[in-house]
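Structure file work.cif; described as mmCIF, C-alpha atoms.
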data_model
#
loop_
_atom_site.label_atom_id
_atom_site.label_comp_id
_atom_site.auth_asym_id
_atom_site.auth_seq_id
_atom_site.Cartn_x
_atom_site.Cartn_y
_atom_site.Cartn_z
CA MET N 183 43.55 14.34 13.72
CA SER N 184 43.11 12.21 16.82
CA SER N 185 40.04 13.98 18.18
CA PRO N 186 36.81 12.08 17.47
CA PRO N 187 34.34 13.82 15.15
CA SER N 188 31.59 15.72 16.93
CA SER N 189 28.07 14.30 16.73
CA SER N 190 27.00 17.12 14.40
CA GLU N 191 29.92 16.29 12.10
CA THR N 192 28.94 12.60 12.16
CA ARG N 193 25.38 13.49 11.31
CA TYR N 194 26.60 15.77 8.52
CA ARG N 195 28.59 12.91 6.94
CA ASP N 196 25.67 10.51 7.36
CA GLY N 197 23.45 13.11 5.68
CA LEU N 198 25.91 13.58 2.83
CA ARG N 199 26.14 9.83 2.19
CA ALA N 200 22.36 9.63 2.18
CA ALA N 201 22.26 12.57 -0.24
CA ILE N 202 24.34 10.55 -2.70
CA ALA N 203 21.92 7.60 -2.50
CA VAL N 204 18.99 9.97 -2.88
CA ALA N 205 20.69 11.77 -5.79
CA ALA N 206 20.96 8.46 -7.66
CA THR N 207 17.25 7.88 -7.07
CA VAL N 208 16.40 11.40 -8.16
CA TRP N 209 18.50 10.92 -11.32
CA PHE N 210 16.29 8.03 -12.42
CA PHE N 211 13.17 10.06 -11.78
CA GLY N 212 14.66 12.96 -13.77
CA ALA N 213 15.24 10.55 -16.65
CA SER N 214 11.71 9.20 -16.49
CA PHE N 215 10.37 12.77 -16.35
CA GLY N 216 12.35 13.61 -19.51
CA LEU N 217 10.99 10.53 -21.25
CA LEU N 218 7.36 11.18 -20.24
CA ALA N 219 7.59 14.87 -21.13
CA ARG N 220 8.86 13.96 -24.59
CA ALA N 221 6.02 11.46 -24.97
CA ALA N 222 3.51 14.09 -23.83
CA GLY N 223 4.59 16.29 -26.74
CA MET N 224 6.56 18.88 -24.75
CA GLY N 225 9.55 18.72 -27.10
CA VAL N 226 13.16 18.91 -25.96
CA LEU N 227 13.63 22.41 -24.60
CA ALA N 228 10.52 22.78 -22.40
CA PRO N 229 11.27 19.76 -20.14
CA LEU N 230 14.85 20.93 -19.65
CA VAL N 231 13.79 24.50 -18.83
CA LEU N 232 11.13 23.16 -16.47
CA SER N 233 13.66 20.98 -14.63
CA ALA N 234 16.11 23.88 -14.44
CA THR N 235 13.60 26.43 -13.13
CA THR N 236 10.94 24.46 -11.27
CA PHE N 237 13.14 21.68 -9.83
CA ALA N 238 10.27 19.88 -8.11
CA GLY N 239 9.50 16.36 -9.28
CA SER N 240 5.87 15.92 -8.27
CA ALA N 241 4.72 19.13 -9.99
CA GLN N 242 6.62 18.30 -13.15
CA PHE N 243 5.17 14.79 -13.29
CA ALA N 244 1.69 16.26 -12.78
CA ILE N 245 2.21 18.53 -15.80
CA THR N 246 3.29 15.67 -18.07
CA SER N 247 0.45 13.45 -16.94
CA ILE N 248 -2.17 16.16 -17.51
CA LEU N 249 -0.78 17.15 -20.91
CA GLY N 250 -0.23 13.50 -21.84
CA THR N 251 -3.86 12.61 -21.13
CA GLY N 252 -5.19 15.51 -23.18
CA GLY N 253 -5.66 18.04 -20.37
CA GLY N 254 -5.16 21.75 -21.06
CA ALA N 255 -2.28 24.01 -20.13
CA ALA N 256 -4.42 25.84 -17.56
CA ALA N 257 -5.21 22.62 -15.68
CA ALA N 258 -1.53 21.68 -15.75
CA ILE N 259 -0.50 25.07 -14.34
CA VAL N 260 -3.08 24.95 -11.53
CA ALA N 261 -2.04 21.42 -10.53
CA ALA N 262 1.68 22.23 -10.55
CA VAL N 263 1.29 25.47 -8.61
CA LEU N 264 -0.93 23.74 -6.03
CA LEU N 265 1.62 20.96 -5.62
CA ASN N 266 4.40 23.47 -5.06
CA THR N 267 2.51 25.65 -2.60
CA ARG N 268 4.07 23.48 0.15
CA TYR N 269 7.35 25.25 -0.56
CA ALA N 270 5.99 28.39 1.11
CA PRO N 271 5.82 26.78 4.60
CA ILE N 272 8.95 24.72 3.85
CA SER N 273 10.97 27.82 2.93
CA ILE N 274 9.67 29.66 6.01
CA SER N 275 10.96 26.82 8.21
CA VAL N 276 14.53 27.33 6.96
CA ALA N 277 14.42 31.12 6.51
CA ARG N 278 16.91 31.69 9.33
CA LEU N 279 19.70 29.90 7.44
CA PHE N 280 19.83 32.51 4.71
CA HIS N 281 21.92 35.65 5.07
CA GLY N 282 23.25 38.46 2.91
CA PRO N 283 21.77 40.33 -0.04
CA ARG N 284 18.26 39.47 -1.17
CA LEU N 285 19.44 38.34 -4.60
CA ARG N 286 21.82 35.83 -3.02
CA ARG N 287 19.05 34.56 -0.74
CA LEU N 288 16.76 34.24 -3.77
CA VAL N 289 19.30 32.15 -5.69
CA GLU N 290 20.26 29.96 -2.73
CA SER N 291 16.63 29.37 -1.82
CA GLN N 292 16.10 27.61 -5.16
CA LEU N 293 18.17 24.70 -3.80
CA ILE N 294 15.35 23.99 -1.35
CA VAL N 295 13.65 20.79 -2.46
CA ASP N 296 11.82 18.19 -0.32
CA GLU N 297 14.84 15.89 -0.03
CA SER N 298 17.52 18.53 0.66
CA TRP N 299 15.23 20.19 3.20
CA ALA N 300 14.47 16.88 4.92
CA LEU N 301 18.14 15.84 5.03
CA ALA N 302 19.09 19.19 6.59
CA SER N 303 16.46 18.94 9.33
CA ARG N 304 17.92 18.57 12.82
CA GLY N 305 14.81 18.61 15.01
CA GLY N 306 13.53 21.33 17.31
CA GLY N 307 13.19 23.67 14.32
CA ARG N 308 16.93 23.61 13.57
CA PHE N 309 18.45 22.98 10.15
CA ASP N 310 21.98 22.43 8.81
CA ARG N 311 22.81 25.07 6.18
CA ARG N 312 25.73 23.12 4.66
CA LEU N 313 23.56 20.04 4.15
CA LEU N 314 20.64 22.02 2.74
CA LEU N 315 22.75 23.76 0.10
CA GLY N 316 25.19 20.88 -0.50
CA ALA N 317 22.48 18.24 -0.92
CA GLY N 318 20.37 20.75 -2.87
CA LEU N 319 23.16 21.36 -5.39
CA LEU N 320 23.87 17.64 -5.79
CA LEU N 321 20.16 16.91 -6.32
CA TYR N 322 19.82 19.81 -8.77
CA VAL N 323 22.65 18.47 -10.93
CA SER N 324 21.30 14.92 -10.87
CA TRP N 325 17.70 16.03 -11.60
CA LEU N 326 18.77 18.18 -14.57
CA SER N 327 21.24 15.66 -16.01
CA GLY N 328 18.68 12.88 -15.52
CA THR N 329 16.10 14.96 -17.42
CA ALA N 330 18.55 15.50 -20.28
CA VAL N 331 19.28 11.79 -20.60
CA GLY N 332 15.55 11.00 -20.41
CA VAL N 333 14.67 13.51 -23.12
CA PHE N 334 17.30 12.20 -25.54
CA ALA N 335 17.67 8.51 -24.66
CA GLY N 336 14.96 7.68 -22.14
CA ASP N 337 13.58 4.59 -23.88
CA SER N 338 16.56 2.47 -22.90
CA LEU N 339 16.27 3.19 -19.17
CA GLY N 340 12.94 1.72 -18.11
CA ASP N 341 10.57 2.74 -15.34
CA PRO N 342 12.08 3.74 -11.96
CA LYS N 343 9.11 1.99 -10.36
CA ASN N 344 10.59 -1.35 -11.45
CA LEU N 345 13.55 -0.49 -9.22
CA GLY N 346 11.19 0.34 -6.35
CA LEU N 347 12.47 3.89 -6.22
CA ASP N 348 9.01 5.34 -5.45
CA GLY N 349 9.13 3.49 -2.11
CA ALA N 350 12.50 5.01 -1.23
CA PHE N 351 11.33 8.60 -0.80
CA PRO N 352 8.67 8.05 1.89
CA ALA N 353 11.12 5.81 3.80
CA LEU N 354 13.72 8.59 3.67
CA PHE N 355 11.22 11.12 5.02
CA LEU N 356 10.20 8.66 7.75
CA ALA N 357 13.83 8.14 8.76
CA LEU N 358 14.26 11.90 9.10
CA LEU N 359 10.95 12.30 10.94
CA VAL N 360 11.53 9.67 13.66
CA PRO N 361 14.33 11.48 15.58
CA GLN N 362 12.09 14.58 15.75
CA LEU N 363 9.29 12.79 17.60
CA ARG N 364 10.94 12.74 21.03
CA ALA N 365 9.31 15.99 22.11
CA PRO N 366 5.65 15.17 22.89
CA GLN N 367 4.35 18.29 21.19
CA ALA N 368 6.26 17.56 17.97
CA ALA N 369 4.97 13.98 18.00
CA LEU N 370 1.39 15.15 18.48
CA ALA N 371 1.71 17.74 15.71
CA ALA N 372 3.19 15.12 13.36
CA VAL N 373 0.32 12.72 14.04
CA VAL N 374 -2.30 15.44 13.53
CA GLY N 375 -0.57 16.68 10.36
CA GLY N 376 -0.31 13.15 8.96
CA ALA N 377 -3.96 12.50 9.75
CA ILE N 378 -5.06 15.71 8.00
CA ALA N 379 -3.07 14.69 4.90
CA LEU N 380 -4.49 11.16 4.94
CA VAL N 381 -8.11 12.32 5.21
CA LEU N 382 -7.69 14.92 2.45
CA ILE N 383 -5.90 12.72 -0.14
CA PRO N 384 -9.13 11.27 -1.62
CA VAL N 385 -11.14 14.50 -1.55
CA THR N 386 -8.78 17.32 -2.56
CA PRO N 387 -6.43 17.89 -5.52
CA PRO N 388 -2.86 16.57 -5.01
CA GLY N 389 -0.75 19.12 -3.16
CA THR N 390 -3.56 20.39 -0.97
CA PRO N 391 -3.20 17.68 1.74
CA ILE N 392 0.39 18.72 2.56
CA VAL N 393 -0.41 22.43 2.69
CA ALA N 394 -3.51 21.83 4.84
CA ALA N 395 -1.50 19.56 7.16
CA SER N 396 0.71 22.51 8.13
CA ALA N 397 -2.26 23.82 10.14
CA ALA N 398 -1.16 21.25 12.76
CA CYS N 399 1.77 23.57 13.54
CA LEU N 400 -0.69 25.87 15.31
CA LEU N 401 -0.43 23.40 18.21
CA GLY N 402 2.76 25.34 18.92
CA LEU N 403 0.63 28.24 20.14
CA ARG N 404 -0.35 26.19 23.19
CA GLY N 405 3.11 26.74 24.60
CA GLY N 406 5.46 24.13 25.98
CA LYS N 407 8.67 22.86 24.46
CA PRO N 408 8.36 22.09 20.73
CA MET I 244 3.22 27.50 -19.15
CA VAL I 245 6.76 26.52 -18.22
CA LEU I 246 7.41 30.15 -17.26
CA VAL I 247 4.32 30.51 -15.05
CA VAL I 248 5.07 27.34 -13.10
CA GLY I 249 8.77 28.22 -12.86
CA ILE I 250 8.14 31.71 -11.52
CA ALA I 251 5.48 30.55 -9.04
CA THR I 252 7.84 27.88 -7.68
CA TRP I 253 10.69 30.39 -7.42
CA ALA I 254 8.41 32.65 -5.41
CA PHE I 255 7.28 29.87 -3.02
CA LYS I 256 10.85 28.72 -2.41
CA ALA I 257 12.12 32.26 -1.94
CA ALA I 258 9.26 33.39 0.32
CA GLY I 259 10.88 32.45 3.63
CA PRO I 260 14.55 33.23 2.90
CA VAL I 261 13.94 36.51 1.05
CA LEU I 262 11.15 37.99 3.19
CA LEU I 263 12.20 36.70 6.60
CA GLY I 264 15.91 36.02 6.18
CA ASP I 265 17.89 35.90 9.40
CA ARG I 266 15.35 38.02 11.26
CA GLU I 267 14.42 36.69 14.71
CA LEU I 268 10.81 35.54 14.82
CA PRO I 269 8.55 36.51 17.74
CA GLU I 270 8.38 33.73 20.34
CA PRO I 271 4.91 32.25 19.51
CA VAL I 272 5.65 32.35 15.75
CA ALA I 273 8.98 30.60 16.34
CA ARG I 274 7.21 27.86 18.29
CA VAL I 275 4.78 27.34 15.40
CA ALA I 276 7.62 27.39 12.83
CA ALA I 277 9.59 24.81 14.85
CA LEU I 278 6.75 22.34 14.30
CA LEU I 279 6.84 22.79 10.51
CA ALA I 280 9.53 20.13 10.04
CA PRO I 281 7.82 17.22 11.87
CA VAL I 282 4.41 18.14 10.45
CA LEU I 283 5.51 18.50 6.82
CA LEU I 284 7.74 15.39 7.01
CA SER I 285 4.79 13.42 8.38
CA ALA I 286 2.52 14.73 5.59
CA LEU I 287 5.18 13.80 3.00
CA VAL I 288 5.45 10.27 4.41
CA VAL I 289 1.66 9.85 4.19
CA THR I 290 1.16 11.36 0.71
CA GLN I 291 4.13 9.53 -0.81
CA THR I 292 3.21 6.16 0.73
CA VAL I 293 -0.53 5.98 -0.03
CA GLY I 294 -1.16 9.07 -2.17
CA GLY I 295 -2.63 8.66 -5.65
CA ASP I 296 -4.44 10.91 -8.07
CA ASN I 297 -7.34 11.91 -5.81
CA GLU I 298 -7.45 8.48 -4.17
CA LEU I 299 -5.71 6.36 -1.57
CA VAL I 300 -3.54 3.76 -3.26
CA LEU I 301 -2.23 0.78 -1.30
CA ASP I 302 0.64 -0.76 -3.25
CA ALA I 303 4.23 -1.98 -2.99
CA ARG I 304 5.34 1.37 -1.53
CA LEU I 305 3.76 0.27 1.77
CA ALA I 306 6.13 -2.73 1.93
CA GLY I 307 9.06 -0.43 1.13
CA VAL I 308 8.18 1.96 3.95
CA ALA I 309 7.61 -0.95 6.36
CA ALA I 310 11.05 -2.41 5.52
CA GLY I 311 12.49 1.09 5.88
CA ALA I 312 10.85 1.39 9.31
CA VAL I 313 12.52 -1.86 10.44
CA ALA I 314 15.89 -0.54 9.21
CA ILE I 315 15.27 2.74 11.06
CA ALA I 316 14.45 0.85 14.27
CA ALA I 317 17.71 -1.09 13.84
CA ARG I 318 19.53 2.26 13.60
CA ALA I 319 20.70 1.69 10.03
CA PRO I 320 22.39 4.68 8.38
CA LEU I 321 20.14 6.83 6.17
CA ALA I 322 21.62 5.67 2.87
CA LEU I 323 20.99 2.05 3.82
CA VAL I 324 17.39 2.82 4.80
CA VAL I 325 16.83 4.29 1.33
CA VAL I 326 18.35 1.26 -0.43
CA ILE I 327 16.44 -1.26 1.70
CA ALA I 328 13.14 0.55 1.08
CA ALA I 329 13.75 0.57 -2.66
CA LEU I 330 14.66 -3.13 -2.70
CA ALA I 331 11.61 -4.11 -0.63
CA THR I 332 9.33 -2.05 -2.90
CA ALA I 333 10.83 -3.57 -6.06
CA LEU I 334 10.65 -7.14 -4.69
CA THR I 335 7.05 -6.74 -3.56
CA ARG I 336 6.10 -5.33 -6.94
CA LEU I 337 7.83 -8.22 -8.66
CA LEU I 338 6.06 -10.84 -6.50
CA VAL I 339 2.61 -9.29 -6.15
CA GLY I 340 2.52 -7.33 -9.39
#

Spit out the file's structure as structure tokens when you get a sec.
Amino acid sequence: MSSPPSSSETRYRDGLRAAIAVAATVWFFGASFGLLARAAGMGVLAPLVLSATTFAGSAQFAITSILGTGGGAAAAIVAAVLLNTRYAPISISVARLFHGPRLRRLVESQLIVDESWALASRGGGRFDRRLLLGAGLLLYVSWLSGTAVGVFAGDSLGDPKNLGLDGAFPALFLALLVPQLRAPQAALAAVVGGAIALVLIPVTPPGTPIVAASAACLLGLRGGKP
Amino acid sequence: MVLVVGIATWAFKAAGPVLLGDRELPEPVARVAALLAPVLLSALVVTQTVGGDNELVLDARLAGVAAGAVAIAARAPLALVVVIAALATALTRLLVG
């Protein structure tokens, strides 16, 4: 009772509080996804199934925007899969947190999403399993319930951009990046990765810049402390 | 379509945990993997701040991230950083359009 909380416990609580703020943000985006999907002619069931199985905002928005502007299903699939390719390197970075039977690892790994992964990141390649799964579950529930509200009653909610919520995500990622930049090699890799993404945004399909940026990790081969 | 995207995403997310699991990575691979977090976070910051559909878009998000950066420098808790960034983005959008 009287012992002060350890720094990892403090960080865990800070992360959990942030997860609640992020979950509220994600809820609004889920609602606007549901609304847009309905408007794009996807019906009621497809958006809900997509939110339940894909659980990745950017890919789902890409699908609605392509279908909504008259693009074909094939183009929508290619865009969404490209956007989600980043989850291969992301899931590799947290692979060590997952134990037990393969089926359990498969199910738990579906709670990996940009925000839960970022909140769980501790620097030096370490991640907090409780935060990854706890934040992941919270975000899953808010994304799916947001989608449901958007599909059935979205008109009354308005655009999350009016609330500035699209500026909240990059700030969150920046806040989680900054503590990881103390090691010179990590800082260099982050700058190189960011530069690769920036250069590729205008010339490659969305999704590609992030995947290509992961090439900057090869700087780790030069040795030294990451 | 929903099925194809769903299954592909499942596979990407499961790739690391199912194939690698708690196996120890060889030293050079571990050093590369340790850089994944800063590199991917940095790429996410860039794409979500100025990313558009095949173009760079400079809009109110920049003000949100700048306000967030000030909050980060002032050691604000994460949740507050998120709220400040959203407010700054919304205000800038309201004022500048």

Answer key for the PyMOL selection byres ((chain N) within 6 of (chain I)), residues as a count of residues only: 43

query: Evaluating the PyMOL selection byres ((chain N and resi 334) around 10) on the displayed file yields which residues, as JSON, numbers by chain?
result: {"N": [213, 216, 217, 220, 226, 329, 330, 331, 332, 333, 335, 336, 337]}

Would you output that residue set with C-alpha atoms, as a compact mmCIF listing (two decimals), keeping the file's coordinate frame?
# COMPACT_ATOMS: atom_id res chain seq x y z
CA ALA N 213 15.24 10.55 -16.65
CA GLY N 216 12.35 13.61 -19.51
CA LEU N 217 10.99 10.53 -21.25
CA ARG N 220 8.86 13.96 -24.59
CA VAL N 226 13.16 18.91 -25.96
CA THR N 329 16.10 14.96 -17.42
CA ALA N 330 18.55 15.50 -20.28
CA VAL N 331 19.28 11.79 -20.60
CA GLY N 332 15.55 11.00 -20.41
CA VAL N 333 14.67 13.51 -23.12
CA ALA N 335 17.67 8.51 -24.66
CA GLY N 336 14.96 7.68 -22.14
CA ASP N 337 13.58 4.59 -23.88

Which residues are near Asp310 (chain N)? Cut-off 10 Å, all atoms listed in the file, ignore same chain within fewer than 6 positions. Put them as a CSV table (one decimal) with C-alpha atoms, keeping the file's coordinate frame.
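That gives us result.csv:
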chain,number,residue,atom,x,y,z
N,190,SER,CA,27.0,17.1,14.4
N,193,ARG,CA,25.4,13.5,11.3
N,194,TYR,CA,26.6,15.8,8.5
N,197,GLY,CA,23.4,13.1,5.7
N,276,VAL,CA,14.5,27.3,7.0
N,279,LEU,CA,19.7,29.9,7.4
N,299,TRP,CA,15.2,20.2,3.2
N,301,LEU,CA,18.1,15.8,5.0
N,302,ALA,CA,19.1,19.2,6.6
N,303,SER,CA,16.5,18.9,9.3
N,304,ARG,CA,17.9,18.6,12.8
N,316,GLY,CA,25.2,20.9,-0.5

task: Can you work out the spacing between CA of Gly239 (chain N) and CA of Ala395 (chain N) in Å, to one decimal?
output: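 Value for the CA of Gly239 (chain N)-CA of Ala395 (chain N) distance: 20.0 Å.
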
- request: Have a look at CA of Gly253 (chain N) and CA of Ala219 (chain N) and let me know their distance in Å, one decimal.
  value: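 Going from CA of Gly253 (chain N) over to CA of Ala219 (chain N) covers 13.6 Å.
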
task: State, in Å with one decimal place, the distance from CA of Ala228 (chain N) to CA of Lys343 (chain N).
output: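 These two atoms are separated by 24.1 Å.
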